[in-house]
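Engineer: You'll find entry-v3.cif just under this line, and it carries mmCIF, C-alpha atoms; chains and numbers go by the auth columns.
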```cif
data_data
#
loop_
_atom_site.group_PDB
_atom_site.id
_atom_site.type_symbol
_atom_site.label_atom_id
_atom_site.label_comp_id
_atom_site.label_asym_id
_atom_site.label_seq_id
_atom_site.Cartn_x
_atom_site.Cartn_y
_atom_site.Cartn_z
_atom_site.B_iso_or_equiv
_atom_site.auth_seq_id
_atom_site.auth_asym_id
ATOM 1 C CA MET A 1 138.899 107.320 -113.822 0.00 210 V
ATOM 2 C CA ALA A 2 135.843 109.477 -113.225 0.00 211 V
ATOM 3 C CA THR A 3 133.618 110.464 -116.151 0.00 212 V
ATOM 4 C CA LEU A 4 131.517 113.516 -116.875 0.00 213 V
ATOM 5 C CA ASP A 5 128.426 111.737 -115.486 0.00 214 V
ATOM 6 C CA GLU A 6 130.099 111.509 -112.110 0.00 215 V
ATOM 7 C CA ASP A 7 130.301 115.271 -111.527 0.00 216 V
ATOM 8 C CA ASP A 8 128.267 115.223 -108.338 0.00 217 V
ATOM 9 C CA SER A 9 130.061 112.266 -106.783 0.00 218 V
ATOM 10 C CA ILE A 10 133.417 113.972 -107.357 0.00 219 V
ATOM 11 C CA LEU A 11 132.395 117.477 -106.343 0.00 220 V
ATOM 12 C CA SER A 12 130.690 116.245 -103.179 0.00 221 V
ATOM 13 C CA MET A 13 133.867 114.573 -101.879 0.00 222 V
ATOM 14 C CA ARG A 14 135.225 116.279 -98.778 0.00 223 V
ATOM 15 C CA VAL A 15 138.791 117.474 -98.328 0.00 224 V
ATOM 16 C CA GLY A 16 139.897 119.808 -95.563 0.00 225 V
ATOM 17 C CA GLY A 17 136.478 119.969 -93.891 0.00 226 V
ATOM 18 C CA ALA A 18 134.584 121.064 -97.006 0.00 227 V
ATOM 19 C CA THR A 19 133.472 119.570 -100.299 0.00 228 V
ATOM 20 C CA ILE A 20 135.458 119.989 -103.481 0.00 229 V
ATOM 21 C CA ARG A 21 132.523 121.985 -104.868 0.00 230 V
ATOM 22 C CA GLU A 22 132.643 124.385 -101.889 0.00 231 V
ATOM 23 C CA ASN A 23 136.403 124.776 -102.128 0.00 232 V
ATOM 24 C CA LEU A 24 136.256 125.396 -105.863 0.00 233 V
ATOM 25 C CA GLU A 25 133.394 127.881 -105.673 0.00 234 V
ATOM 26 C CA ALA A 26 135.184 129.782 -102.907 0.00 235 V
ATOM 27 C CA ALA A 27 138.302 130.034 -105.081 0.00 236 V
ATOM 28 C CA ILE A 28 136.249 131.235 -108.060 0.00 237 V
ATOM 29 C CA THR A 29 134.412 133.816 -105.946 0.00 238 V
ATOM 30 C CA ALA A 30 137.732 135.092 -104.581 0.00 239 V
ATOM 31 C CA GLY A 31 139.118 135.426 -108.101 0.00 240 V
ATOM 32 C CA HIS A 32 141.838 132.813 -107.572 0.00 241 V
ATOM 33 C CA VAL A 33 140.368 130.448 -110.187 0.00 242 V
ATOM 34 C CA VAL A 34 138.530 131.288 -113.423 0.00 243 V
ATOM 35 C CA ARG A 35 135.715 129.126 -114.794 0.00 244 V
ATOM 36 C CA ARG A 36 135.866 129.491 -118.571 0.00 245 V
ATOM 37 C CA ALA A 37 132.951 129.412 -120.983 0.00 246 V
ATOM 38 C CA ASP A 38 134.049 125.972 -122.209 0.00 247 V
ATOM 39 C CA GLY A 39 133.724 124.597 -118.662 0.00 248 V
ATOM 40 C CA LYS A 40 137.447 124.369 -118.014 0.00 249 V
ATOM 41 C CA PHE A 41 139.243 126.036 -115.119 0.00 250 V
ATOM 42 C CA GLU A 42 142.361 128.141 -115.192 0.00 251 V
ATOM 43 C CA LEU A 43 144.414 130.344 -112.915 0.00 252 V
ATOM 44 C CA PRO A 44 143.792 134.042 -113.682 0.00 253 V
ATOM 45 C CA LYS A 45 147.450 134.836 -114.186 0.00 254 V
ATOM 46 C CA ILE A 46 150.856 133.270 -113.931 0.00 255 V
ATOM 47 C CA PRO A 47 153.421 135.744 -112.552 0.00 256 V
ATOM 48 C CA ALA A 48 156.588 136.237 -114.545 0.00 257 V
ATOM 49 C CA ARG A 49 159.297 134.226 -112.824 0.00 258 V
ATOM 50 C CA ARG A 50 162.918 134.592 -113.761 0.00 259 V
ATOM 51 C CA TYR A 51 164.321 132.844 -110.726 0.00 260 V
ATOM 52 C CA PHE A 52 165.196 129.510 -112.361 0.00 261 V
ATOM 53 C CA ILE A 53 166.629 128.178 -115.578 0.00 262 V
ATOM 54 C CA LYS A 54 164.990 124.843 -116.360 0.00 263 V
ATOM 55 C CA LYS A 55 166.365 121.991 -118.382 0.00 264 V
ATOM 56 C CA ARG A 56 163.415 121.270 -120.664 0.00 265 V
ATOM 57 C CA PRO A 57 161.342 119.251 -121.105 0.00 266 V
ATOM 58 C CA MET A 58 160.266 119.074 -117.462 0.00 267 V
ATOM 59 C CA GLY A 59 156.699 117.761 -117.944 0.00 268 V
ATOM 60 C CA LEU A 60 155.863 117.752 -114.236 0.00 269 V
ATOM 61 C CA ASN A 61 152.380 119.365 -114.203 0.00 270 V
ATOM 62 C CA CYS A 62 153.306 121.303 -111.057 0.00 271 V
ATOM 63 C CA GLN A 63 151.002 124.183 -111.976 0.00 272 V
ATOM 64 C CA PHE A 64 148.032 121.808 -111.932 0.00 273 V
ATOM 65 C CA ARG A 65 149.066 119.834 -108.856 0.00 274 V
ATOM 66 C CA ASN A 66 150.413 122.538 -106.574 0.00 275 V
ATOM 67 C CA GLU A 67 148.864 125.823 -107.685 0.00 276 V
ATOM 68 C CA PHE A 68 145.401 124.486 -108.539 0.00 277 V
ATOM 69 C CA VAL A 69 144.705 121.184 -106.766 0.00 278 V
ATOM 70 C CA PHE A 70 146.630 121.768 -103.532 0.00 279 V
ATOM 71 C CA ALA A 71 146.023 125.492 -103.204 0.00 280 V
ATOM 72 C CA HIS A 72 142.349 125.605 -104.200 0.00 281 V
ATOM 73 C CA LEU A 73 140.633 122.220 -104.518 0.00 282 V
ATOM 74 C CA TYR A 74 142.207 120.964 -101.276 0.00 283 V
ATOM 75 C CA ARG A 75 142.706 124.385 -99.648 0.00 284 V
ATOM 76 C CA LYS A 76 146.188 123.303 -98.536 0.00 285 V
ATOM 77 C CA GLN A 77 144.759 120.573 -96.319 0.00 286 V
ATOM 78 C CA ALA A 78 145.919 117.517 -98.317 0.00 287 V
ATOM 79 C CA VAL A 79 148.912 116.700 -100.501 0.00 288 V
ATOM 80 C CA PRO A 80 147.891 115.680 -104.053 0.00 289 V
ATOM 81 C CA ILE A 81 148.125 111.933 -104.523 0.00 290 V
ATOM 82 C CA SER A 82 149.759 112.597 -107.900 0.00 291 V
ATOM 83 C CA CYS A 83 152.698 114.068 -105.931 0.00 292 V
ATOM 84 C CA ARG A 84 153.052 110.987 -103.729 0.00 293 V
ATOM 85 C CA ASP A 85 156.142 109.638 -105.489 0.00 294 V
ATOM 86 C CA CYS A 86 157.812 112.992 -106.184 0.00 295 V
ATOM 87 C CA TYR A 87 161.264 113.346 -104.667 0.00 296 V
ATOM 88 C CA LYS A 88 163.803 116.081 -105.249 0.00 297 V
ATOM 89 C CA LEU A 89 167.527 116.218 -104.922 0.00 298 V
ATOM 90 C CA LYS A 90 168.311 119.738 -103.749 0.00 299 V
ATOM 91 C CA ILE A 91 171.794 121.231 -103.899 0.00 300 V
ATOM 92 C CA SER A 92 172.312 124.500 -101.997 0.00 301 V
ATOM 93 C CA PRO A 93 175.334 126.414 -103.357 0.00 302 V
ATOM 94 C CA SER A 94 176.628 129.471 -101.497 0.00 303 V
ATOM 95 C CA THR A 95 177.465 131.709 -104.448 0.00 304 V
ATOM 96 C CA LEU A 96 176.328 132.313 -108.001 0.00 305 V
ATOM 97 C CA ARG A 97 179.638 130.876 -109.170 0.00 306 V
ATOM 98 C CA GLN A 98 178.873 127.631 -107.376 0.00 307 V
ATOM 99 C CA LEU A 99 175.310 127.660 -108.693 0.00 308 V
ATOM 100 C CA LEU A 100 176.557 127.804 -112.269 0.00 309 V
ATOM 101 C CA ALA A 101 178.858 124.878 -111.499 0.00 310 V
ATOM 102 C CA THR A 102 175.978 122.788 -110.133 0.00 311 V
ATOM 103 C CA LYS A 103 173.887 123.807 -113.136 0.00 312 V
ATOM 104 C CA GLN A 104 176.609 122.495 -115.413 0.00 313 V
ATOM 105 C CA ILE A 105 176.609 119.196 -113.521 0.00 314 V
ATOM 106 C CA SER A 106 172.824 118.924 -113.818 0.00 315 V
ATOM 107 C CA GLU A 107 172.983 119.446 -117.573 0.00 316 V
ATOM 108 C CA GLN A 108 175.310 116.458 -117.915 0.00 317 V
ATOM 109 C CA LEU A 109 172.690 114.141 -116.394 0.00 318 V
ATOM 110 C CA PRO A 110 169.404 113.028 -118.035 0.00 319 V
ATOM 111 C CA ASP A 111 167.022 113.806 -115.155 0.00 320 V
ATOM 112 C CA PRO A 112 164.750 116.907 -115.160 0.00 321 V
ATOM 113 C CA SER A 113 166.394 119.770 -113.290 0.00 322 V
ATOM 114 C CA LYS A 114 166.410 123.493 -112.685 0.00 323 V
ATOM 115 C CA SER A 115 168.866 125.983 -111.192 0.00 324 V
ATOM 116 C CA GLY A 116 168.294 129.441 -109.796 0.00 325 V
ATOM 117 C CA THR A 117 167.978 131.860 -106.901 0.00 326 V
ATOM 118 C CA GLU A 118 165.894 131.280 -103.771 0.00 327 V
ATOM 119 C CA VAL A 119 166.461 134.491 -101.831 0.00 328 V
ATOM 120 C CA HIS A 120 162.823 135.404 -102.536 0.00 329 V
ATOM 121 C CA VAL A 121 161.488 132.174 -100.955 0.00 330 V
ATOM 122 C CA LYS A 122 160.530 132.944 -97.376 0.00 331 V
ATOM 123 C CA ASP A 123 160.019 129.394 -96.103 0.00 332 V
ATOM 124 C CA ASN A 124 163.602 128.178 -96.548 0.00 333 V
ATOM 125 C CA GLN A 125 167.110 129.532 -95.939 0.00 334 V
ATOM 126 C CA SER A 126 168.714 128.825 -99.311 0.00 335 V
ATOM 127 C CA LEU A 127 170.278 131.575 -101.383 0.00 336 V
ATOM 128 C CA TYR A 128 170.611 129.427 -104.497 0.00 337 V
ATOM 129 C CA ALA A 129 169.491 125.949 -105.469 0.00 338 V
ATOM 130 C CA THR A 130 169.757 123.298 -108.130 0.00 339 V
ATOM 131 C CA TYR A 131 166.975 120.710 -108.116 0.00 340 V
ATOM 132 C CA PHE A 132 166.715 117.284 -109.692 0.00 341 V
ATOM 133 C CA TYR A 133 163.215 115.788 -109.982 0.00 342 V
ATOM 134 C CA LEU A 134 162.847 112.045 -109.446 0.00 343 V
ATOM 135 C CA SER A 135 159.983 109.582 -109.268 0.00 344 V
ATOM 136 C CA GLY A 136 160.502 107.400 -106.203 0.00 345 V
ATOM 137 C CA LEU A 137 162.887 107.429 -103.254 0.00 346 V
ATOM 138 C CA GLU A 138 165.008 104.613 -104.654 0.00 347 V
ATOM 139 C CA LYS A 139 165.851 106.614 -107.782 0.00 348 V
ATOM 140 C CA ALA A 140 166.565 109.707 -105.692 0.00 349 V
ATOM 141 C CA ARG A 141 168.998 107.839 -103.471 0.00 350 V
ATOM 142 C CA ALA A 142 170.768 106.312 -106.463 0.00 351 V
ATOM 143 C CA LEU A 143 171.224 109.729 -108.072 0.00 352 V
ATOM 144 C CA TYR A 144 172.333 111.209 -104.744 0.00 353 V
ATOM 145 C CA LYS A 145 175.425 108.975 -104.774 0.00 354 V
ATOM 146 C CA VAL A 146 176.313 110.002 -108.318 0.00 355 V
ATOM 147 C CA VAL A 147 175.841 113.734 -107.747 0.00 356 V
ATOM 148 C CA ARG A 148 177.552 113.706 -104.345 0.00 357 V
ATOM 149 C CA GLU A 149 180.718 112.355 -105.919 0.00 358 V
ATOM 150 C CA LEU A 150 180.576 114.969 -108.683 0.00 359 V
ATOM 151 C CA LEU A 151 180.184 117.736 -106.100 0.00 360 V
ATOM 152 C CA ASP A 152 182.946 116.439 -103.849 0.00 361 V
ATOM 153 C CA THR A 153 185.492 116.288 -106.659 0.00 362 V
ATOM 154 C CA HIS A 154 184.587 119.570 -108.357 0.00 363 V
ATOM 155 C CA PRO A 155 187.216 122.330 -107.865 0.00 364 V
ATOM 156 C CA LEU A 156 184.555 125.014 -107.194 0.00 365 V
ATOM 157 C CA LEU A 157 182.315 122.912 -104.970 0.00 366 V
ATOM 158 C CA GLY A 158 183.481 120.157 -102.619 0.00 367 V
ATOM 159 C CA LYS A 159 182.077 118.368 -99.582 0.00 368 V
ATOM 160 C CA ALA A 160 180.936 121.589 -97.893 0.00 369 V
ATOM 161 C CA VAL A 161 178.178 122.113 -100.477 0.00 370 V
ATOM 162 C CA LYS A 162 174.913 120.923 -98.961 0.00 371 V
ATOM 163 C CA MET A 163 172.652 118.425 -100.701 0.00 372 V
ATOM 164 C CA VAL A 164 169.465 116.793 -99.435 0.00 373 V
ATOM 165 C CA ILE A 165 166.748 114.492 -100.711 0.00 374 V
ATOM 166 C CA LYS A 166 163.344 116.000 -100.012 0.00 375 V
ATOM 167 C CA ARG A 167 159.829 114.843 -100.775 0.00 376 V
ATOM 168 C CA GLY A 168 157.557 117.010 -102.877 0.00 377 V
ATOM 169 C CA CYS A 169 157.254 120.755 -102.446 0.00 378 V
ATOM 170 C CA THR A 170 158.227 122.601 -99.281 0.00 379 V
ATOM 171 C CA ASN A 171 154.840 124.319 -98.991 0.00 380 V
ATOM 172 C CA TYR A 172 153.249 120.863 -98.611 0.00 381 V
ATOM 173 C CA GLU A 173 155.264 120.201 -95.458 0.00 382 V
ATOM 174 C CA ARG A 174 154.677 123.695 -94.129 0.00 383 V
ATOM 175 C CA ASN A 175 150.913 123.120 -94.319 0.00 384 V
ATOM 176 C CA CYS A 176 150.491 119.355 -93.889 0.00 385 V
ATOM 177 C CA GLY A 177 153.355 118.383 -91.595 0.00 386 V
ATOM 178 C CA PRO A 178 156.386 116.105 -92.050 0.00 387 V
ATOM 179 C CA SER A 179 156.391 114.305 -95.384 0.00 388 V
ATOM 180 C CA ASP A 180 157.216 110.915 -93.834 0.00 389 V
ATOM 181 C CA ARG A 181 153.785 111.038 -92.167 0.00 390 V
ATOM 182 C CA TYR A 182 151.713 111.798 -95.260 0.00 391 V
ATOM 183 C CA THR A 183 148.666 109.640 -95.844 0.00 392 V
ATOM 184 C CA PHE A 184 146.777 109.528 -99.131 0.00 393 V
ATOM 185 C CA ASP A 185 143.081 108.807 -99.415 0.00 394 V
ATOM 186 C CA PRO A 186 142.526 106.792 -102.639 0.00 395 V
ATOM 187 C CA LYS A 187 139.603 109.088 -103.522 0.00 396 V
ATOM 188 C CA LEU A 188 142.122 111.846 -104.287 0.00 397 V
ATOM 189 C CA ALA A 189 143.080 109.964 -107.445 0.00 398 V
ATOM 190 C CA ASP A 190 139.509 110.264 -108.739 0.00 399 V
ATOM 191 C CA ILE A 191 139.435 113.977 -107.958 0.00 400 V
ATOM 192 C CA GLU A 192 142.735 114.679 -109.679 0.00 401 V
ATOM 193 C CA ASN A 193 141.965 112.507 -112.704 0.00 402 V
ATOM 194 C CA TYR A 194 138.615 114.231 -113.078 0.00 403 V
ATOM 195 C CA PHE A 195 140.056 117.750 -112.992 0.00 404 V
ATOM 196 C CA PHE A 196 143.224 117.074 -114.984 0.00 405 V
ATOM 197 C CA GLY A 197 141.339 117.222 -118.282 0.00 406 V
ATOM 198 C CA ARG A 198 139.313 120.195 -117.065 0.00 407 V
ATOM 199 C CA PHE A 199 142.297 122.370 -116.162 0.00 408 V
ATOM 200 C CA ALA A 200 143.605 124.777 -118.782 0.00 409 V
ATOM 201 C CA LYS A 201 147.291 125.146 -118.070 0.00 410 V
ATOM 202 C CA LYS A 202 148.766 128.526 -118.835 0.00 411 V
ATOM 203 C CA THR A 203 152.090 128.280 -120.542 0.00 412 V
ATOM 204 C CA THR A 204 154.971 130.702 -120.186 0.00 413 V
ATOM 205 C CA THR A 205 157.282 128.793 -122.534 0.00 414 V
ATOM 206 C CA PRO A 206 159.364 131.403 -124.360 0.00 415 V
ATOM 207 C CA VAL A 207 159.560 131.573 -128.130 0.00 416 V
ATOM 208 C CA ASN A 208 163.333 131.631 -127.882 0.00 417 V
ATOM 209 C CA LYS A 209 164.616 129.640 -124.902 0.00 418 V
ATOM 210 C CA GLU A 210 168.212 130.734 -125.442 0.00 419 V
ATOM 211 C CA LEU A 211 167.303 134.413 -125.115 0.00 420 V
ATOM 212 C CA ASP A 212 164.967 133.705 -122.190 0.00 421 V
ATOM 213 C CA ASP A 213 167.670 131.773 -120.338 0.00 422 V
ATOM 214 C CA ALA A 214 170.095 134.642 -120.921 0.00 423 V
ATOM 215 C CA ALA A 215 167.587 137.076 -119.410 0.00 424 V
ATOM 216 C CA ARG A 216 167.142 134.761 -116.428 0.00 425 V
ATOM 217 C CA LEU A 217 170.902 134.585 -115.960 0.00 426 V
ATOM 218 C CA ILE A 218 171.123 138.383 -115.859 0.00 427 V
ATOM 219 C CA ALA A 219 168.280 138.416 -113.311 0.00 428 V
ATOM 220 C CA MET A 220 170.265 135.960 -111.174 0.00 429 V
ATOM 221 C CA ALA A 221 173.320 138.215 -111.449 0.00 430 V
ATOM 222 C CA ARG A 222 171.250 141.157 -110.213 0.00 431 V
ATOM 223 C CA THR A 223 170.056 139.081 -107.254 0.00 432 V
ATOM 224 C CA ALA A 224 173.634 138.066 -106.446 0.00 433 V
ATOM 225 C CA TYR A 225 174.693 141.710 -106.599 0.00 434 V
ATOM 226 C CA ALA A 226 171.872 142.689 -104.232 0.00 435 V
ATOM 227 C CA ILE A 227 172.981 140.213 -101.556 0.00 436 V
ATOM 228 C CA GLY A 228 176.670 141.115 -101.813 0.00 437 V
ATOM 229 C CA ASP A 229 177.794 138.109 -103.853 0.00 438 V
ATOM 230 C CA ASP A 230 180.522 139.466 -106.125 0.00 439 V
ATOM 231 C CA THR A 231 180.722 136.238 -108.111 0.00 440 V
ATOM 232 C CA TYR A 232 177.947 137.769 -110.230 0.00 441 V
ATOM 233 C CA LYS A 233 180.879 139.174 -112.233 0.00 442 V
ATOM 234 C CA ASP A 234 181.316 135.685 -113.715 0.00 443 V
ATOM 235 C CA VAL A 235 178.158 136.509 -115.667 0.00 444 V
ATOM 236 C CA THR A 236 179.106 140.104 -116.572 0.00 445 V
ATOM 237 C CA ASP A 237 182.662 139.357 -117.758 0.00 446 V
ATOM 238 C CA GLY A 238 184.080 140.957 -114.640 0.00 447 V
ATOM 239 C CA LYS A 239 182.211 144.228 -115.044 0.00 448 V
ATOM 240 C CA GLU A 240 180.383 146.010 -112.231 0.00 449 V
ATOM 241 C CA LEU A 241 176.608 146.061 -112.629 0.00 450 V
ATOM 242 C CA TYR A 242 176.550 149.610 -111.257 0.00 451 V
ATOM 243 C CA PRO A 243 179.285 152.132 -110.502 0.00 452 V
ATOM 244 C CA PRO A 244 179.949 152.667 -106.780 0.00 453 V
ATOM 245 C CA VAL A 245 178.274 155.651 -105.142 0.00 454 V
ATOM 246 C CA VAL A 246 180.410 158.632 -104.196 0.00 455 V
ATOM 247 C CA ASN A 247 181.791 158.117 -100.680 0.00 456 V
ATOM 248 C CA TYR A 248 181.795 161.158 -98.366 0.00 457 V
ATOM 249 C CA ASN A 249 183.120 159.453 -95.242 0.00 458 V
ATOM 250 C CA PRO A 250 185.783 161.423 -93.335 0.00 459 V
ATOM 251 C CA THR A 251 189.262 160.128 -94.085 0.00 460 V
#
```
Using structure tokens, write down the structure that the file contains.
Structural biologist:
Amino acid sequence: MATLDEDDSILSMRVGGATIRENLEAAITAGHVVRRADGKFELPKIPARRYFIKKRPMGLNCQFRNEFVFAHLYRKQAVPISCRDCYKLKISPSTLRQLLATKQISEQLPDPSKSGTEVHVKDNQSLYATYFYLSGLEKARALYKVVRELLDTHPLLGKAVKMVIKRGCTNYERNCGPSDRYTFDPKLADIENYFFGRFAKKTTTPVNKELDDAARLIAMARTAYAIGDDTYKDVTDGKELYPPVVNYNPT
């Protein structure tokens, strides 16, 4: 692991056609990264996201790996080596009702998971998703068999519900190509180890998770309403979110 005395050797490493120092300074100049008085780096703000309900603790350091290392240190030109063994089991339900069923399944299993809406994500076609996070393809394939059986035999789900094992985050593949062709320069480990202790993660952990999850569930219901999915009424006890507008069509 790199030490403080090795600043120059780390910062002079090249990723994506430029040095880490150049990439970092460009991000700071653009206001995408803040260099604090204590020498640590942080992202200027973390947007409020109510798209997913997570089963905590997740402990995945995705903010550091994806939003800092990939986006700014590597300028989207290399996948972090710390993400090399990350695999996800992604279930793609068609309705909010099905999403809540897959969420219930995920909560019965010990692996980190999250469930929510994906209508806002422009680089995939999913409306909803439940994700399981696994370390290694072997573990992902083993869990796939377990979850597939649970989906197939569930009265609200069945074999038509799509599920796929994917590697890492989708934005990695969109920028760096197919994940089965990734290569990892060993020097990336030194870069990421060096900056891990110098990154000040911003936390959005709520004081009361139960209330926060309830607010997220209502946000999901509003999204379902907006895309014409009436199963949002499972969340509102059958009540309409809004009264229908007055209809002036000719009879």
Engineer: If you measure from atom CA of V:Asp394 to atom CA of V:Asn275, what distance in Å do you get, rounded to one decimal?
Structural biologist: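 Interatomic distance here is 17.1 Å.
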Engineer: What gap, in Å, lies between atom CA of V:Arg407 and atom CA of V:Val278?
Structural biologist: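 Between atom CA of V:Arg407 and atom CA of V:Val278 the gap works out to 11.7 Å.
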Engineer: At what distance in Å, to one decimal, does atom CA of V:Lys371 lie from atom CA of V:Ser301?
Structural biologist: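 For atom CA of V:Ser301 relative to atom CA of V:Lys371, the distance reads 5.4 Å.
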Engineer: Please write the residues picked by the PyMOL selection byres ((chain V and resi 262) around 8) on this file as a list of chain:residue names.
Structural biologist: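 Against this file, the PyMOL selection byres ((chain V and resi 262) around 8) returns the residues V:Arg259, V:Tyr260, V:Phe261, V:Lys263, V:Lys264, V:Lys323, V:Ser324, V:Gly325, V:Asp422, V:Arg425, V:Leu426.
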Engineer: What are the centre and edge lengths in Å, to one decimal, of the axis-aligned box around all listed atoms of stretch 341-355 of chain V with 4 Å added on each side, as JSON?
Structural biologist:
```
{"center_x": 168.1, "center_y": 110.9, "center_z": -106.6, "size_x": 24.3, "size_y": 20.7, "size_z": 14.7}
```
Engineer: Report the residues retrieved by the PyMOL selection byres ((chain V and resi 304) around 8) from the displayed file, expressed as an MDAnalysis selection string.
Structural biologist: chainID V and resid 302:303 305:308 336:337 433 438 440
Engineer: Excluding V:Phe279 and any residue of its chain fewer than 4 positions from it, enumerate the residues within 12 Å of it, using all atoms listed in the file, and give them as a VMD selection string.
Structural biologist: chain V and resid 224 to 225 229 232 to 233 236 271 to 275 283 to 292 377 to 378 380 to 382 384 to 385 397 400 to 401
Engineer: Step by step, work through what the PyMOL selection byres ((chain V and resi 352) around 10) selects in the shown file, and finish by giving those residues as an MDAnalysis selection string.
Structural biologist: chainID V and resid 298 318 320 341 343 346:351 353:357 374
Engineer: With all atoms listed in the file as the basis for distance, which of V:Pro452, V:Gly447, V:Gly406, V:Pro364 is at the shortest distance from V:Glu251?
Structural biologist: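 Of V:Pro452, V:Gly447, V:Gly406, V:Pro364, the one nearest V:Glu251 is V:Gly406, counting all atoms listed in the file.
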Engineer: Using only C-alpha atoms, which residue out of V:Tyr296, V:Phe404, V:Phe393, V:Phe277 lies closest to V:Leu220?
Structural biologist: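 The answer is V:Phe404, which sits nearest to V:Leu220.
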